[in-house]
>>> print(open('work_26.tsv').read())   # TSV, C-alpha atoms
chain	number	residue	atom	x	y	z
A	731	MET	CA	3.99	-11.73	-11.84
A	732	GLN	CA	6.24	-14.78	-11.62
A	733	LEU	CA	8.99	-12.92	-13.51
A	734	ASN	CA	8.74	-9.96	-11.14
A	735	LYS	CA	9.15	-12.29	-8.14
A	736	TRP	CA	12.23	-13.84	-9.75
A	737	LEU	CA	13.77	-10.44	-10.43
A	738	VAL	CA	13.29	-9.33	-6.81
A	739	ARG	CA	14.88	-12.59	-5.64
A	740	ALA	CA	17.85	-12.10	-7.97
A	741	ILE	CA	18.39	-8.53	-6.80
A	742	THR	CA	18.08	-9.62	-3.17
A	743	LEU	CA	20.83	-12.18	-3.66
A	744	PHE	CA	23.05	-9.53	-5.20
A	745	LEU	CA	22.45	-7.08	-2.37
A	746	GLY	CA	23.07	-9.70	0.26
A	747	LEU	CA	26.40	-10.50	-1.27
A	748	ILE	CA	27.93	-7.09	-1.57
A	749	ALA	CA	26.81	-5.08	1.34
A	750	LEU	CA	29.21	-6.01	4.05
A	751	PRO	CA	32.59	-4.69	3.03
A	752	GLY	CA	33.36	0.03	3.41
A	753	ALA	CA	31.50	5.30	1.79
A	754	GLY	CA	30.66	8.40	1.14
A	755	TRP	CA	28.11	9.68	3.62
A	756	PRO	CA	28.96	12.32	6.17
A	757	ALA	CA	29.29	11.05	9.72
A	758	SER	CA	25.72	12.07	10.59
A	759	GLU	CA	24.34	9.43	8.21
A	760	CYS	CA	25.94	6.55	10.16
A	761	ASN	CA	25.98	7.92	13.66
A	762	PRO	CA	24.42	6.06	16.60
A	763	VAL	CA	21.25	8.16	16.51
A	764	ALA	CA	18.83	5.67	15.05
A	765	PRO	CA	16.49	6.51	12.18
A	766	PRO	CA	13.83	7.42	11.32
A	767	PHE	CA	15.18	10.85	10.57
A	768	GLY	CA	14.92	12.83	7.37
A	769	HIS	CA	13.55	10.58	4.63
A	770	TRP	CA	13.56	7.25	6.53
A	771	ARG	CA	10.50	5.16	7.45
A	772	LEU	CA	10.27	2.13	9.72
A	773	ALA	CA	10.12	-1.14	7.76
A	774	SER	CA	10.24	-3.88	10.43
A	775	GLN	CA	11.61	-4.93	13.81
A	776	GLN	CA	12.91	-8.34	14.87
A	777	ALA	CA	15.47	-9.80	17.32
A	778	GLY	CA	17.19	-6.56	18.24
A	779	THR	CA	17.20	-5.34	14.62
A	780	THR	CA	15.17	-2.39	13.30
A	781	LEU	CA	15.09	-1.93	9.54
A	782	TYR	CA	14.42	1.28	7.61
A	783	LEU	CA	13.68	2.15	3.99
A	784	PRO	CA	13.52	5.59	2.39
A	785	GLU	CA	10.25	7.35	1.81
A	786	ILE	CA	9.14	7.07	-1.81
A	787	ASN	CA	10.91	9.48	-4.19
A	788	THR	CA	13.14	10.96	-1.47
A	789	VAL	CA	16.48	9.51	-2.62
A	790	SER	CA	18.14	9.34	-6.02
A	791	LEU	CA	19.51	5.79	-5.57
A	792	PRO	CA	18.09	2.72	-3.81
A	793	SER	CA	19.16	2.80	-0.17
A	794	ALA	CA	18.43	1.17	3.17
A	795	ALA	CA	19.40	1.38	6.84
A	796	ALA	CA	19.41	-0.78	9.95
A	797	SER	CA	19.73	-0.06	13.65
A	798	ILE	CA	20.80	-2.98	15.83
A	799	HIS	CA	21.15	-3.77	19.53
A	800	TRP	CA	22.75	-7.19	19.99
A	801	GLN	CA	24.30	-8.97	22.94
A	802	PHE	CA	27.66	-9.45	21.24
A	803	SER	CA	30.72	-7.32	21.86
A	804	PRO	CA	31.27	-4.32	19.55
A	805	ARG	CA	34.71	-5.63	18.62
A	806	ALA	CA	33.26	-8.99	17.57
A	807	LEU	CA	30.85	-7.27	15.18
A	808	TYR	CA	33.57	-4.92	13.93
A	809	GLU	CA	35.95	-7.79	13.17
A	810	THR	CA	33.20	-9.84	11.50
A	811	VAL	CA	32.16	-7.16	9.03
A	812	ARG	CA	35.83	-6.50	8.17
A	813	ASP	CA	36.68	-10.17	7.61
A	814	TYR	CA	36.69	-9.75	3.84
A	815	ASP	CA	38.75	-12.82	2.97
A	816	GLU	CA	36.13	-14.99	4.70
A	817	PHE	CA	32.98	-13.58	3.13
A	818	SER	CA	32.52	-16.54	0.81
A	819	THR	CA	32.16	-18.80	3.87
A	820	PHE	CA	29.15	-17.05	5.37
A	821	ILE	CA	27.57	-14.78	2.73
A	822	PRO	CA	25.59	-16.70	0.05
A	823	ASN	CA	26.71	-16.53	-3.59
A	824	VAL	CA	30.06	-14.82	-2.97
A	825	VAL	CA	32.44	-16.84	-5.10
A	826	THR	CA	35.46	-14.55	-4.66
A	827	SER	CA	36.30	-12.01	-1.97
A	828	ARG	CA	39.94	-11.19	-1.40
A	829	ILE	CA	41.97	-8.29	-0.11
A	830	ILE	CA	44.16	-6.87	-2.90
A	831	SER	CA	46.07	-4.23	-0.96
A	832	THR	CA	46.27	-2.65	2.49
A	833	SER	CA	47.54	0.83	3.38
A	834	ASN	CA	47.24	2.26	6.89
A	835	ASN	CA	43.52	2.10	7.69
A	836	ARG	CA	42.36	1.25	4.16
A	837	GLU	CA	41.94	-1.96	2.22
A	838	TRP	CA	41.00	-2.70	-1.38
A	839	ILE	CA	38.85	-5.79	-1.89
A	840	TYR	CA	38.01	-7.59	-5.11
A	841	GLN	CA	34.73	-9.51	-5.21
A	842	VAL	CA	32.88	-11.71	-7.69
A	843	LEU	CA	29.21	-12.46	-7.09
A	844	GLN	CA	27.29	-15.33	-8.63
A	845	PHE	CA	23.75	-14.63	-9.88
A	846	PRO	CA	20.86	-16.78	-11.10
A	847	ALA	CA	21.01	-17.70	-14.78
A	848	LEU	CA	19.06	-14.77	-16.24
A	849	ALA	CA	21.10	-12.10	-14.44
A	850	ARG	CA	24.79	-11.64	-15.18
A	851	ASP	CA	27.30	-11.96	-12.35
A	852	ARG	CA	28.95	-8.84	-10.89
A	853	HIS	CA	32.52	-7.96	-10.00
A	854	TYR	CA	34.12	-4.82	-8.62
A	855	LEU	CA	36.82	-3.35	-6.42
A	856	LEU	CA	35.92	-1.78	-3.08
A	857	GLN	CA	37.90	0.62	-0.96
A	858	SER	CA	37.14	0.09	2.71
A	859	SER	CA	38.27	2.52	5.41
A	860	TRP	CA	37.97	2.05	9.14
A	861	GLN	CA	38.51	4.00	12.33
A	862	GLU	CA	38.82	2.92	15.94
A	863	ILE	CA	37.29	6.16	17.15
A	864	ASP	CA	37.54	5.13	20.80
A	865	SER	CA	39.06	1.70	21.36
A	866	GLU	CA	38.55	1.85	25.14
A	867	LYS	CA	34.82	2.46	24.68
A	868	MET	CA	34.80	0.16	21.62
A	869	HIS	CA	33.50	2.72	19.13
A	870	PHE	CA	34.32	1.81	15.53
A	871	ARG	CA	33.45	3.13	12.08
A	872	ILE	CA	33.71	1.53	8.64
A	873	ASP	CA	33.03	3.23	5.29
A	874	TRP	CA	33.24	1.72	1.82
A	875	HIS	CA	32.81	2.67	-1.83
A	876	LEU	CA	33.73	1.49	-5.30
A	877	SER	CA	37.32	2.13	-6.37
A	878	ASP	CA	39.37	2.11	-9.57
A	879	ARG	CA	42.76	2.16	-7.83
A	880	PHE	CA	43.58	-1.28	-9.27
A	881	PRO	CA	42.31	-2.65	-12.59
A	882	LEU	CA	39.73	-5.39	-12.51
A	883	PRO	CA	40.81	-8.73	-13.97
A	884	PRO	CA	39.23	-9.71	-17.30
A	885	GLY	CA	35.57	-10.23	-16.51
A	886	GLY	CA	34.00	-11.57	-19.68
A	887	GLN	CA	30.27	-11.10	-19.17
A	888	LEU	CA	30.61	-9.77	-15.61
A	889	VAL	CA	28.86	-6.45	-14.86
A	890	VAL	CA	30.39	-3.66	-12.77
A	891	PRO	CA	27.93	-1.78	-10.49
A	892	LYS	CA	27.53	1.93	-11.20
A	893	GLN	CA	27.41	2.95	-7.55
A	894	PHE	CA	27.88	1.15	-4.25
A	895	SER	CA	28.71	2.72	-0.90
A	896	GLY	CA	27.89	2.24	2.72
A	897	CYS	CA	28.95	2.53	6.33
A	898	TRP	CA	28.84	1.02	9.81
A	899	ASP	CA	28.92	2.88	13.11
A	900	ILE	CA	29.50	0.37	15.95
A	901	ARG	CA	29.77	1.07	19.67
A	902	ALA	CA	29.14	-0.37	23.11
A	903	SER	CA	25.60	0.08	24.39
A	904	ASP	CA	25.03	1.68	27.78
A	905	SER	CA	22.68	-1.21	28.57
A	906	GLY	CA	25.19	-3.88	27.49
A	907	GLY	CA	26.07	-5.45	24.17
A	908	THR	CA	26.38	-3.47	20.96
A	909	GLU	CA	24.53	-0.64	19.23
A	910	ALA	CA	25.19	-0.10	15.52
A	911	ILE	CA	23.87	1.78	12.52
A	912	TYR	CA	24.29	0.36	9.01
A	913	ARG	CA	23.70	2.18	5.70
A	914	ILE	CA	23.89	1.19	2.05
A	915	GLU	CA	23.33	2.94	-1.29
A	916	LEU	CA	23.40	0.97	-4.53
A	917	ASP	CA	22.99	1.12	-8.29
A	918	PRO	CA	23.82	-2.43	-9.51
A	919	GLY	CA	24.16	-1.41	-13.15
A	920	GLY	CA	23.31	-3.63	-16.07
A	921	TRP	CA	19.65	-4.09	-16.82
A	922	LEU	CA	18.48	-3.85	-13.18
A	923	PRO	CA	16.92	-0.37	-12.82
A	924	PRO	CA	16.71	1.46	-9.47
A	925	TRP	CA	12.91	1.19	-9.31
A	926	LEU	CA	13.27	-2.59	-9.32
A	927	VAL	CA	16.17	-2.69	-6.85
A	928	GLN	CA	14.52	-0.70	-4.06
A	929	PRO	CA	11.70	-3.23	-3.33
A	930	ALA	CA	14.36	-5.88	-2.60
A	931	MET	CA	16.05	-3.77	0.08
A	932	HIS	CA	13.85	-4.88	2.98
A	933	HIS	CA	14.39	-8.59	2.35
A	934	TYR	CA	18.08	-7.91	1.76
A	935	LEU	CA	18.48	-6.27	5.17
A	936	GLN	CA	16.76	-9.18	6.89
A	937	SER	CA	19.03	-11.70	5.17
A	938	LEU	CA	22.18	-9.68	5.81
A	939	MET	CA	21.55	-9.17	9.51
A	940	SER	CA	20.66	-12.86	9.95
A	941	ALA	CA	23.92	-13.88	8.28
A	942	ILE	CA	25.97	-11.65	10.57
A	943	ARG	CA	24.17	-12.84	13.70
A	944	ASN	CA	24.67	-16.47	12.70
A	945	ARG	CA	28.36	-15.81	12.15
A	946	LEU	CA	28.69	-14.30	15.62
A	947	GLU	CA	26.64	-17.05	17.27
A	948	ASN	CA	28.83	-19.73	15.70
A	949	GLY	CA	32.01	-18.63	17.35
A	950	ARG	CA	32.93	-15.15	16.07
A	951	LYS	CA	32.49	-13.58	19.53
>>> encode(input="work_26.tsv", output="structure tokens")
Amino acid sequence: MQLNKWLVRAITLFLGLIALPGAGWPASECNPVAPPFGHWRLASQQAGTTLYLPEINTVSLPSAAASIHWQFSPRALYETVRDYDEFSTFIPNVVTSRIISTSNNREWIYQVLQFPALARDRHYLLQSSWQEIDSEKMHFRIDWHLSDRFPLPPGGQLVVPKQFSGCWDIRASDSGGTEAIYRIELDPGGWLPPWLVQPAMHHYLQSLMSAIRNRLENGRK
């Protein structure tokens, strides 16, 4: 039992580190129509944040979603979740996060994530794409996925995830502030199987949303 608790904690740390940066769902998966739809179920609600997890055995990879309504501007949120070079300052356990290349509305980001002793650290390259769908109405979209456009530096014992993708849809709320949908899908690779990763998703989402809110509250407005 104690080992299982440690494994969930380790996976949660990993998820909290990698989820912010740009993926492969069609637009309907990250549109402003909040879940639950399809295979989603309500997990919890707190401070303008509603969290969702998939119904059991309805998805092939661990995944999660969040719907938020915060009293920050959409642009502030958009700029915060694209601030890749600063991730190590507000996301726990990120030891490296740097933009490798930029082209039009795409960036490639290299990250190294530090894990507890029994789990090997991860590293990978992400391709993040963004769109200012309607800058006047402050409607933004970000998608991200793993990329092999640039070779990874020598990693030693570092593990590369098998699959990681996600998206943000961010827009002004009719009632003020920001409405956003967040999605993630992950296979961390290594010895962490999907059936062990999924239980950590709920705690991951709580930690991630708290980190972003704290960042905004401390001056990123």
>>> closest_atom_pairs(input="work_26.tsv", of="region 790-832 of chain A", to="region 927-950 of chain A", cutoff="8 Å", atoms="only C-alpha atoms", output="Markdown table")
| residue | atom | partner | partner_atom | distance |
| --- | --- | --- | --- | --- |
| A:Pro792 | CA | A:Gln928 | CA | 5.0 |
| A:Ser793 | CA | A:Gln928 | CA | 7.0 |
| A:Ala794 | CA | A:Met931 | CA | 6.3 |
| A:Ala795 | CA | A:Leu935 | CA | 7.9 |
| A:Ala796 | CA | A:Leu935 | CA | 7.3 |
| A:Phe802 | CA | A:Leu946 | CA | 7.5 |
| A:Ala806 | CA | A:Arg950 | CA | 6.3 |
| A:Leu807 | CA | A:Leu946 | CA | 7.4 |
| A:Thr810 | CA | A:Arg950 | CA | 7.0 |
| A:Val811 | CA | A:Ile942 | CA | 7.8 |
| A:Phe820 | CA | A:Ala941 | CA | 6.8 |
| A:Ile821 | CA | A:Ala941 | CA | 6.7 |
>>> residues_around(input="work_26.tsv", residues="Arg771 (chain A)", least_positions_apart="4", cutoff="7 Å", atoms="all atoms listed in the file", output="NGL selection string")
:A and (766 or 782-785)
>>> write_last_selection(input="work_26.tsv", atoms="C-alpha atoms", output="PDB file, keeping the file's coordinate frame")
ATOM      1  CA  PRO A 766      13.830   7.420  11.320  1.00  0.00           C
ATOM      2  CA  TYR A 782      14.420   1.280   7.610  1.00  0.00           C
ATOM      3  CA  LEU A 783      13.680   2.150   3.990  1.00  0.00           C
ATOM      4  CA  PRO A 784      13.520   5.590   2.390  1.00  0.00           C
ATOM      5  CA  GLU A 785      10.250   7.350   1.810  1.00  0.00           C
TER       6      GLU A 785
END
>>> closest_residue(input="work_26.tsv", among="A:Lys892, A:Arg913, A:His869, A:Arg836", to="Ser803 (chain A)", atoms="only C-alpha atoms")
A:His869
>>> residues_around(input="work_26.tsv", residues="Tyr808 (chain A)", least_positions_apart="4", cutoff="12 Å", atoms="only C-alpha atoms", output="NGL selection string")
:A and (750-752 or 802-804 or 812-814 or 860-862 or 865 or 868-873 or 897-902 or 908-912 or 942 or 946 or 950-951)
>>> atom_distance(input="work_26.tsv", atom1="CA of Ile914 (chain A)", atom2="CA of Leu772 (chain A)")
15.7 Å
>>> atom_distance(input="work_26.tsv", atom1="CA of Ser905 (chain A)", atom2="CA of Asp864 (chain A)")
17.9 Å
>>> closest_residue(input="work_26.tsv", among="A:Arg850, A:Ile829, A:Asp815, A:Gln801", to="Asp904 (chain A)", atoms="only C-alpha atoms")
A:Gln801
>>> axis_aligned_box(input="work_26.tsv", around="region 882-886 of chain A", padding_each_side="6 Å", output="JSON")
{"center_x": 37.4, "center_y": -8.5, "center_z": -16.1, "size_x": 18.8, "size_y": 18.2, "size_z": 19.2}
>>> atom_distance(input="work_26.tsv", atom1="CA of Val890 (chain A)", atom2="CA of Asp878 (chain A)")
11.1 Å
>>> residues_around(input="work_26.tsv", residues="Gly920 (chain A)", least_positions_apart="6", cutoff="12 Å", atoms="all atoms listed in the file", output="list in words")
Ile741, Leu848, Ala849, Arg850, Asp851, Arg852, His853, Gln887, Leu888, Val889, Val890, Pro891, Lys892, Gln893 and Val927 of chain A
>>> closest_residue(input="work_26.tsv", among="A:Ile830, A:Leu916, A:Val842, A:Leu781", to="Pro881 (chain A)", atoms="only C-alpha atoms")
A:Ile830
>>> closest_residue(input="work_26.tsv", among="A:Ile863, A:Ala777, A:Leu922, A:Ile839", to="Leu882 (chain A)", atoms="all atoms listed in the file")
A:Ile839
>>> decode(input="work_26.tsv", residues="region 810-841 of chain A", atoms="N, CA, C and O atoms", output="short mmCIF file (atom, residue, chain, number, x, y, z; two decimals), in the first residue's frame")
data_model
loop_
_atom_site.label_atom_id
_atom_site.label_comp_id
_atom_site.auth_asym_id
_atom_site.auth_seq_id
_atom_site.Cartn_x
_atom_site.Cartn_y
_atom_site.Cartn_z
N THR A 810 0.67 33.14 -19.90
CA THR A 810 1.25 32.34 -18.83
C THR A 810 1.52 30.91 -19.28
O THR A 810 2.59 30.35 -19.03
N VAL A 811 0.57 30.29 -19.96
CA VAL A 811 0.75 28.90 -20.36
C VAL A 811 1.60 28.74 -21.61
O VAL A 811 1.87 27.62 -22.04
N ARG A 812 2.06 29.87 -22.18
CA ARG A 812 3.03 29.84 -23.28
C ARG A 812 4.41 30.33 -22.84
O ARG A 812 5.32 30.43 -23.67
N ASP A 813 4.58 30.60 -21.57
CA ASP A 813 5.83 31.17 -21.07
C ASP A 813 6.84 30.06 -20.77
O ASP A 813 7.32 29.89 -19.65
N TYR A 814 7.21 29.30 -21.80
CA TYR A 814 7.96 28.07 -21.62
C TYR A 814 9.31 28.26 -20.95
O TYR A 814 9.73 27.42 -20.14
N ASP A 815 10.00 29.33 -21.26
CA ASP A 815 11.32 29.55 -20.67
C ASP A 815 11.25 29.81 -19.17
O ASP A 815 12.28 29.77 -18.49
N GLU A 816 10.08 30.08 -18.65
CA GLU A 816 9.91 30.37 -17.22
C GLU A 816 9.29 29.23 -16.43
O GLU A 816 9.07 29.36 -15.23
N PHE A 817 9.02 28.11 -17.07
CA PHE A 817 8.32 27.03 -16.36
C PHE A 817 9.03 26.58 -15.09
O PHE A 817 8.40 26.23 -14.10
N SER A 818 10.35 26.56 -15.12
CA SER A 818 11.08 26.07 -13.95
C SER A 818 10.92 26.98 -12.74
O SER A 818 11.25 26.59 -11.63
N THR A 819 10.39 28.18 -12.93
CA THR A 819 10.19 29.10 -11.81
C THR A 819 8.83 28.95 -11.13
O THR A 819 8.64 29.47 -10.04
N PHE A 820 7.89 28.25 -11.77
CA PHE A 820 6.60 28.11 -11.11
C PHE A 820 5.96 26.73 -11.23
O PHE A 820 4.89 26.49 -10.67
N ILE A 821 6.61 25.80 -11.92
CA ILE A 821 6.12 24.42 -11.98
C ILE A 821 7.12 23.53 -11.25
O ILE A 821 8.28 23.46 -11.65
N PRO A 822 6.72 22.84 -10.19
CA PRO A 822 7.67 22.03 -9.41
C PRO A 822 8.39 20.98 -10.26
O PRO A 822 7.80 20.39 -11.16
N ASN A 823 9.67 20.78 -9.93
CA ASN A 823 10.48 19.69 -10.49
C ASN A 823 10.90 19.86 -11.95
O ASN A 823 11.54 18.97 -12.51
N VAL A 824 10.56 20.96 -12.58
CA VAL A 824 11.09 21.24 -13.91
C VAL A 824 12.50 21.80 -13.74
O VAL A 824 12.68 22.87 -13.20
N VAL A 825 13.48 21.06 -14.19
CA VAL A 825 14.86 21.52 -14.05
C VAL A 825 15.38 22.20 -15.31
O VAL A 825 16.32 22.98 -15.26
N THR A 826 14.75 21.90 -16.45
CA THR A 826 15.09 22.55 -17.71
C THR A 826 13.83 22.73 -18.54
O THR A 826 13.05 21.79 -18.68
N SER A 827 13.62 23.91 -19.07
CA SER A 827 12.54 24.16 -20.02
C SER A 827 12.98 25.33 -20.88
O SER A 827 13.00 26.47 -20.41
N ARG A 828 13.34 25.05 -22.11
CA ARG A 828 13.84 26.14 -22.96
C ARG A 828 13.34 25.98 -24.40
O ARG A 828 13.20 24.86 -24.91
N ILE A 829 13.09 27.10 -25.01
CA ILE A 829 12.65 27.12 -26.39
C ILE A 829 13.86 26.88 -27.29
O ILE A 829 14.85 27.61 -27.22
N ILE A 830 13.78 25.87 -28.16
CA ILE A 830 14.87 25.52 -29.06
C ILE A 830 14.76 26.27 -30.38
O ILE A 830 15.75 26.72 -30.95
N SER A 831 13.54 26.42 -30.88
CA SER A 831 13.34 27.05 -32.18
C SER A 831 11.93 27.61 -32.26
O SER A 831 11.01 27.10 -31.61
N THR A 832 11.78 28.65 -33.07
CA THR A 832 10.47 29.27 -33.30
C THR A 832 10.29 29.48 -34.80
O THR A 832 11.20 29.91 -35.50
N SER A 833 9.09 29.15 -35.29
CA SER A 833 8.79 29.34 -36.71
C SER A 833 7.32 29.69 -36.84
O SER A 833 6.44 28.86 -36.55
N ASN A 834 7.05 30.94 -37.26
CA ASN A 834 5.67 31.42 -37.39
C ASN A 834 4.93 31.23 -36.06
O ASN A 834 5.32 31.78 -35.06
N ASN A 835 3.89 30.40 -36.05
CA ASN A 835 3.12 30.22 -34.82
C ASN A 835 3.45 28.89 -34.13
O ASN A 835 2.61 28.31 -33.45
N ARG A 836 4.69 28.43 -34.28
CA ARG A 836 5.11 27.19 -33.64
C ARG A 836 6.42 27.38 -32.89
O ARG A 836 7.27 28.18 -33.30
N GLU A 837 6.54 26.64 -31.80
CA GLU A 837 7.79 26.62 -31.05
C GLU A 837 8.11 25.18 -30.68
O GLU A 837 7.22 24.35 -30.51
N TRP A 838 9.41 24.90 -30.57
CA TRP A 838 9.88 23.60 -30.11
C TRP A 838 10.58 23.81 -28.77
O TRP A 838 11.46 24.68 -28.64
N ILE A 839 10.17 23.03 -27.77
CA ILE A 839 10.62 23.24 -26.39
C ILE A 839 11.24 21.96 -25.86
O ILE A 839 10.64 20.88 -25.96
N TYR A 840 12.44 22.09 -25.32
CA TYR A 840 13.10 20.96 -24.68
C TYR A 840 12.90 21.06 -23.18
O TYR A 840 13.10 22.12 -22.59
N GLN A 841 12.51 19.94 -22.55
CA GLN A 841 12.31 19.92 -21.11
C GLN A 841 12.97 18.70 -20.47
O GLN A 841 13.02 17.62 -21.07
#
